[in-house]
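Colleague: What follows is the file run-v2.txt, containing compact mmCIF, C-alpha atoms and all ligand atoms:
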```txt
# COMPACT_ATOMS: atom_id res chain seq x y z
CA MET V 1 -59.96 21.78 168.12
CA ILE V 2 -59.20 24.79 165.96
CA LEU V 3 -61.31 27.16 168.07
CA ASP V 4 -59.46 26.06 171.23
CA SER V 5 -56.03 26.52 169.65
CA PRO V 6 -53.54 29.22 170.68
CA VAL V 7 -53.47 30.19 166.98
CA ASN V 8 -57.13 31.25 167.31
CA LYS V 9 -56.61 32.86 170.72
CA ALA V 10 -53.80 34.92 169.17
CA GLY V 11 -56.31 36.22 166.59
CA ARG V 12 -54.78 34.50 163.56
CA LEU V 13 -57.86 32.47 162.57
CA LYS V 14 -60.12 34.48 160.25
CA ALA V 15 -63.04 32.12 159.70
CA VAL V 16 -64.22 28.52 159.77
CA TYR V 17 -66.67 27.14 157.20
CA VAL V 18 -68.43 23.81 157.53
CA ARG V 19 -70.43 22.07 154.83
CA THR V 20 -72.76 19.25 155.83
CA GLU V 21 -73.20 16.09 153.79
CA GLN V 22 -76.51 17.55 152.54
CA GLY V 23 -74.64 20.61 151.26
CA VAL V 24 -75.69 23.13 153.93
CA LEU V 25 -72.83 25.59 154.35
CA PHE V 26 -72.37 27.55 157.55
CA GLU V 27 -69.86 29.99 158.95
CA VAL V 28 -68.45 29.73 162.47
CA LYS V 29 -67.04 32.94 163.98
CA PRO V 30 -63.57 32.37 165.51
CA HIS V 31 -64.60 33.58 168.98
CA VAL V 32 -67.66 31.33 169.29
CA ARG V 33 -67.70 28.87 172.20
CA ILE V 34 -69.01 25.52 170.99
CA PRO V 35 -71.00 23.61 173.66
CA ARG V 36 -68.96 20.91 175.36
CA THR V 37 -71.76 18.41 175.87
CA TYR V 38 -73.36 16.53 172.99
CA LYS V 39 -76.89 17.44 174.12
CA ARG V 40 -76.20 21.18 174.08
CA PHE V 41 -74.16 20.87 170.87
CA ALA V 42 -77.03 19.05 169.11
CA GLY V 43 -79.47 21.72 170.37
CA ILE V 44 -77.38 24.56 168.92
CA ILE V 45 -76.91 22.82 165.56
CA LEU V 46 -80.62 22.02 165.34
CA GLN V 47 -81.43 25.67 166.08
CA LEU V 48 -78.89 26.77 163.44
CA LEU V 49 -80.40 24.50 160.77
CA GLN V 50 -83.95 25.60 161.62
CA LYS V 51 -83.40 29.33 162.16
CA LEU V 52 -80.34 29.71 159.89
CA SER V 53 -78.31 31.58 162.50
CA ILE V 54 -77.32 31.71 166.16
CA THR V 55 -76.98 35.15 167.68
CA ALA V 56 -74.88 36.09 170.72
CA VAL V 57 -77.01 36.69 173.83
CA GLY V 58 -77.72 40.43 174.24
CA ARG V 59 -75.99 41.30 170.96
CA ARG V 60 -76.86 41.35 167.26
CA GLU V 61 -73.76 39.53 166.11
CA LYS V 62 -74.34 36.17 164.43
CA LEU V 63 -71.95 33.61 165.85
CA LEU V 64 -73.05 30.85 163.51
CA ARG V 65 -74.94 31.43 160.28
CA VAL V 66 -76.01 29.41 157.29
CA ILE V 67 -74.64 30.99 154.11
CA LYS V 68 -75.00 30.42 150.37
CA ASN V 69 -72.78 27.94 148.52
CA PRO V 70 -70.16 27.81 147.18
CA VAL V 71 -67.60 28.41 149.93
CA THR V 72 -65.23 29.98 147.38
CA LEU V 73 -67.40 33.15 147.53
CA TYR V 74 -65.98 33.80 151.01
CA LEU V 75 -62.36 32.69 150.66
CA PRO V 76 -59.82 35.51 150.43
CA ALA V 77 -58.66 36.34 146.90
CA ASN V 78 -55.21 34.96 146.15
CA SER V 79 -55.32 32.67 149.17
CA MET V 80 -53.37 29.42 149.05
CA LYS V 81 -55.77 26.49 149.43
CA ILE V 82 -54.36 23.27 150.85
CA GLY V 83 -56.41 20.07 150.95
CA PHE V 84 -55.71 17.24 153.37
CA SER V 85 -56.10 13.56 152.62
CA HIS V 86 -54.46 10.39 153.79
CA SER V 87 -54.64 9.12 150.22
CA SER V 88 -52.52 11.95 148.76
CA GLU V 89 -49.23 10.73 147.35
CA LYS V 90 -47.57 13.93 148.55
CA LEU V 91 -46.56 13.02 152.09
CA VAL V 92 -45.14 16.10 153.81
CA ASN V 93 -43.83 17.17 157.17
CA MET V 94 -46.44 19.82 158.08
CA GLN V 95 -43.91 22.08 159.76
CA LYS V 96 -41.55 22.12 156.80
CA HIS V 97 -44.40 22.31 154.29
CA LEU V 98 -45.84 25.42 155.96
CA ALA V 99 -42.55 27.21 155.59
CA THR V 100 -42.81 26.72 151.83
CA VAL V 101 -46.42 27.87 151.43
CA CYS V 102 -47.30 30.40 154.13
CA ASN V 103 -45.70 33.68 153.27
CA ASP V 104 -47.76 36.83 152.99
CA SER V 105 -50.98 35.41 151.58
CA ASP V 106 -53.89 33.94 153.54
CA THR V 107 -54.01 30.17 153.74
CA VAL V 108 -57.13 28.01 153.57
CA PHE V 109 -56.96 24.50 155.05
CA VAL V 110 -59.58 22.04 153.78
CA LEU V 111 -60.29 18.86 155.73
CA GLY V 112 -63.03 16.27 155.70
CA ALA V 113 -65.06 16.49 158.89
CA MET V 114 -66.55 13.09 158.17
CA ALA V 115 -65.68 9.49 158.99
CA HIS V 116 -65.29 8.12 155.47
CA GLY V 117 -64.73 9.36 151.96
CA LYS V 118 -62.35 11.81 150.37
CA ILE V 119 -63.06 15.53 150.11
CA ASP V 120 -63.83 16.53 146.57
CA CYS V 121 -63.02 20.19 145.88
CA ASP V 122 -62.14 21.72 142.55
CA TYR V 123 -60.62 24.86 144.12
CA ILE V 124 -57.73 23.15 145.92
CA GLU V 125 -54.26 23.74 144.50
CA ASP V 126 -52.34 21.35 146.70
CA PHE V 127 -53.45 18.03 148.24
CA VAL V 128 -51.15 16.71 150.98
CA ALA V 129 -50.90 13.84 153.43
CA ILE V 130 -49.31 14.91 156.72
CA SER V 131 -48.87 11.41 158.12
CA GLY V 132 -48.52 7.93 156.75
CA TYR V 133 -51.42 6.96 159.04
CA PRO V 134 -55.11 7.82 158.67
CA LEU V 135 -55.88 10.48 161.26
CA SER V 136 -59.04 11.98 162.66
CA ALA V 137 -59.85 15.47 161.36
CA ALA V 138 -59.41 16.79 164.93
CA TYR V 139 -55.92 15.33 165.22
CA CYS V 140 -55.03 16.69 161.79
CA ILE V 141 -56.16 20.17 162.80
CA SER V 142 -54.16 19.96 165.96
CA ARG V 143 -51.05 19.07 163.94
CA ILE V 144 -51.69 22.00 161.58
CA CYS V 145 -52.21 24.38 164.51
CA GLU V 146 -49.01 23.21 166.20
CA ALA V 147 -47.08 23.83 162.99
CA LEU V 148 -48.65 27.30 162.65
CA SER V 149 -47.86 28.16 166.29
CA THR V 150 -44.23 27.20 165.81
CA ASN V 151 -44.08 29.19 162.57
CA TRP V 152 -45.55 32.31 164.19
CA ASN V 153 -43.90 31.79 167.57
CA ILE V 154 -47.24 31.56 169.41
CA LEU V 155 -46.83 29.74 172.73
C1 LIG V 201 -61.49 10.60 159.39
S1 LIG V 201 -60.62 11.33 158.07
C2 LIG V 201 -61.61 10.88 156.69
C3 LIG V 201 -61.14 9.58 156.15
C4 LIG V 201 -60.97 9.50 154.63
N1 LIG V 201 -60.78 8.10 154.29
C5 LIG V 201 -59.77 10.30 154.09
O1 LIG V 201 -58.61 9.91 154.25
O2 LIG V 201 -59.97 11.40 153.50
C6 LIG V 201 -60.97 13.01 158.27
C7 LIG V 201 -60.10 13.95 157.49
O3 LIG V 201 -58.82 14.09 158.10
C8 LIG V 201 -57.87 14.37 157.10
N2 LIG V 201 -56.82 13.35 157.20
C9 LIG V 201 -56.88 12.15 157.83
N3 LIG V 201 -55.69 11.53 157.77
C10 LIG V 201 -54.85 12.34 157.10
C11 LIG V 201 -53.47 12.27 156.72
N4 LIG V 201 -52.72 11.23 157.02
N5 LIG V 201 -52.94 13.31 156.05
C12 LIG V 201 -53.69 14.39 155.72
N6 LIG V 201 -54.99 14.52 156.06
C13 LIG V 201 -55.56 13.51 156.72
C14 LIG V 201 -58.56 14.38 155.75
O4 LIG V 201 -58.90 15.71 155.41
C15 LIG V 201 -59.80 13.56 156.06
O5 LIG V 201 -60.86 13.90 155.19
```
Taking this structure as input, can you express it in the form of structure tokens?
Modeller:
Amino acid sequence: MILDSPVNKAGRLKAVYVRTEQGVLFEVKPHVRIPRTYKRFAGIILQLLQKLSITAVGRREKLLRVIKNPVTLYLPANSMKIGFSHSSEKLVNMQKHLATVCNDSDTVFVLGAMAHGKIDCDYIEDFVAISGYPLSAAYCISRICEALSTNWNIL
């Protein structure tokens, strides 16, 4: 969802980090094209977990690569880190909330890419709920991206 967003196409996404339930952390480059079929997707992820990286065909650049924990090693210094959870008591309108947090510093958005359970991160300053309903992570990201596009006037 985030890779397909106009925010990414406009070059505003710096990096995506994913941590598996087993604690394997990997980086996804913003211009990577994730396979659209499950079979090809599973093949790429299997290759990533076995070989620790996926390289672009004909180039040396690593599009996906397993990296060392913790993720905080890679987050920009002084970045604002916002966590997302349906169970947060701070229910905000994403659009209005962005206007209060996104100024000059980088912003890190932390979501759970899993079906159940709350994300548990000690580096998050602000935990928000952006709807009164439990959403999928993909829908949440799409709401965040829409708010960012409006903020930055990206159509
Ligand atoms: C399928 S949900 C995981 C369900 C889990 N019970 C929870 O609420 O954290 C996937 C992720 O989407 C985000 N999310 C879902 N609903 C949300 C909401 N209403 N507000 C903010 N984030 C939400 C959270 O980051 C959550 O970890």
Colleague: Can I get the residues close to ligand LIG 201 (chain V) as a list in words, where close means within 6 Å and we count all atoms listed in the file?
Modeller: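 With all atoms listed in the file and a cut-off of 6 Å, ligand LIG 201 (chain V) is contacted by Phe84, Ser85, His86, Ser87, Leu111, Gly112, Ala113, Met114, Ala115, His116, Gly117, Lys118, Ile119, Val128, Ala129, Ile130, Ser131, Gly132, Tyr133, Pro134, Leu135, Ser136, Ala137 and Cys140 of chain V.
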Colleague: What's the 9 Å shell around His31 of chain V, counting all atoms listed in the file, without same-chain residues fewer than 3 positions away, as a list in words?
Modeller: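 Here the qualifying residues turn out to be Leu3, Asn8, Lys9, Val28 and Leu63 of chain V.
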Colleague: One decimal, in Å: what's the spacing between atom CA of Asn69 of chain V and atom CA of Leu25 of chain V?
Modeller: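 Separating atom CA of Asn69 of chain V from atom CA of Leu25 of chain V is a distance of 6.3 Å.
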Colleague: To one decimal in Å, tell me the separation between atom CA of Val16 of chain V and atom CA of Val32 of chain V.
Modeller: 10.5 Å
Colleague: Please identify all polymer residues within 7 Å of Asp126 of chain V, counting only C-alpha atoms, omitting same-chain residues fewer than 6 positions from it, and present them as a VMD selection string.
Modeller: chain V and resid 81 to 83
Colleague: Could those selected residues go to a file with C-alpha atoms, as a short mmCIF file (atom, residue, chain, number, x, y, z; two decimals), in the coordinates of the input?
Modeller:
```cif
data_model
loop_
_atom_site.label_atom_id
_atom_site.label_comp_id
_atom_site.auth_asym_id
_atom_site.auth_seq_id
_atom_site.Cartn_x
_atom_site.Cartn_y
_atom_site.Cartn_z
CA LYS V 81 -55.77 26.49 149.43
CA ILE V 82 -54.36 23.27 150.85
CA GLY V 83 -56.41 20.07 150.95
#
```
Colleague: Restricting the calculation to all atoms listed in the file: of V:Trp152, V:Tyr17, V:Phe41, V:Phe109, which residue gets closest to Val71 of chain V?
Modeller: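 Counting all atoms listed in the file, the residue closest to Val71 of chain V is V:Tyr17.
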Colleague: Counting all atoms listed in the file, which of V:Glu27, V:Cys145, V:Gly11, V:Ala77 gets nearest to Ile54 of chain V?
Modeller: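 The answer is V:Glu27, which sits nearest to Ile54 of chain V.
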Colleague: How many Å separate atom CA of Lys39 of chain V from atom CA of Arg65 of chain V?
Modeller: 19.8 Å
Colleague: For segment 98-101 of chain V, list every protein, DNA or RNA residue within 9 Å, evaluated using only C-alpha atoms, and leave out those in the same chain fewer than 5 positions away; present the list as an NGL selection string.
Modeller: :V and (80 or 93 or 107 or 144 or 147-148 or 151)
Colleague: Restricting it to C-alpha atoms, dump the selection as a compact mmCIF listing (two decimals), in the frame of the given file.
Modeller:
```txt
# COMPACT_ATOMS: atom_id res chain seq x y z
CA MET V 80 -53.37 29.42 149.05
CA ASN V 93 -43.83 17.17 157.17
CA THR V 107 -54.01 30.17 153.74
CA ILE V 144 -51.69 22.00 161.58
CA ALA V 147 -47.08 23.83 162.99
CA LEU V 148 -48.65 27.30 162.65
CA ASN V 151 -44.08 29.19 162.57
```
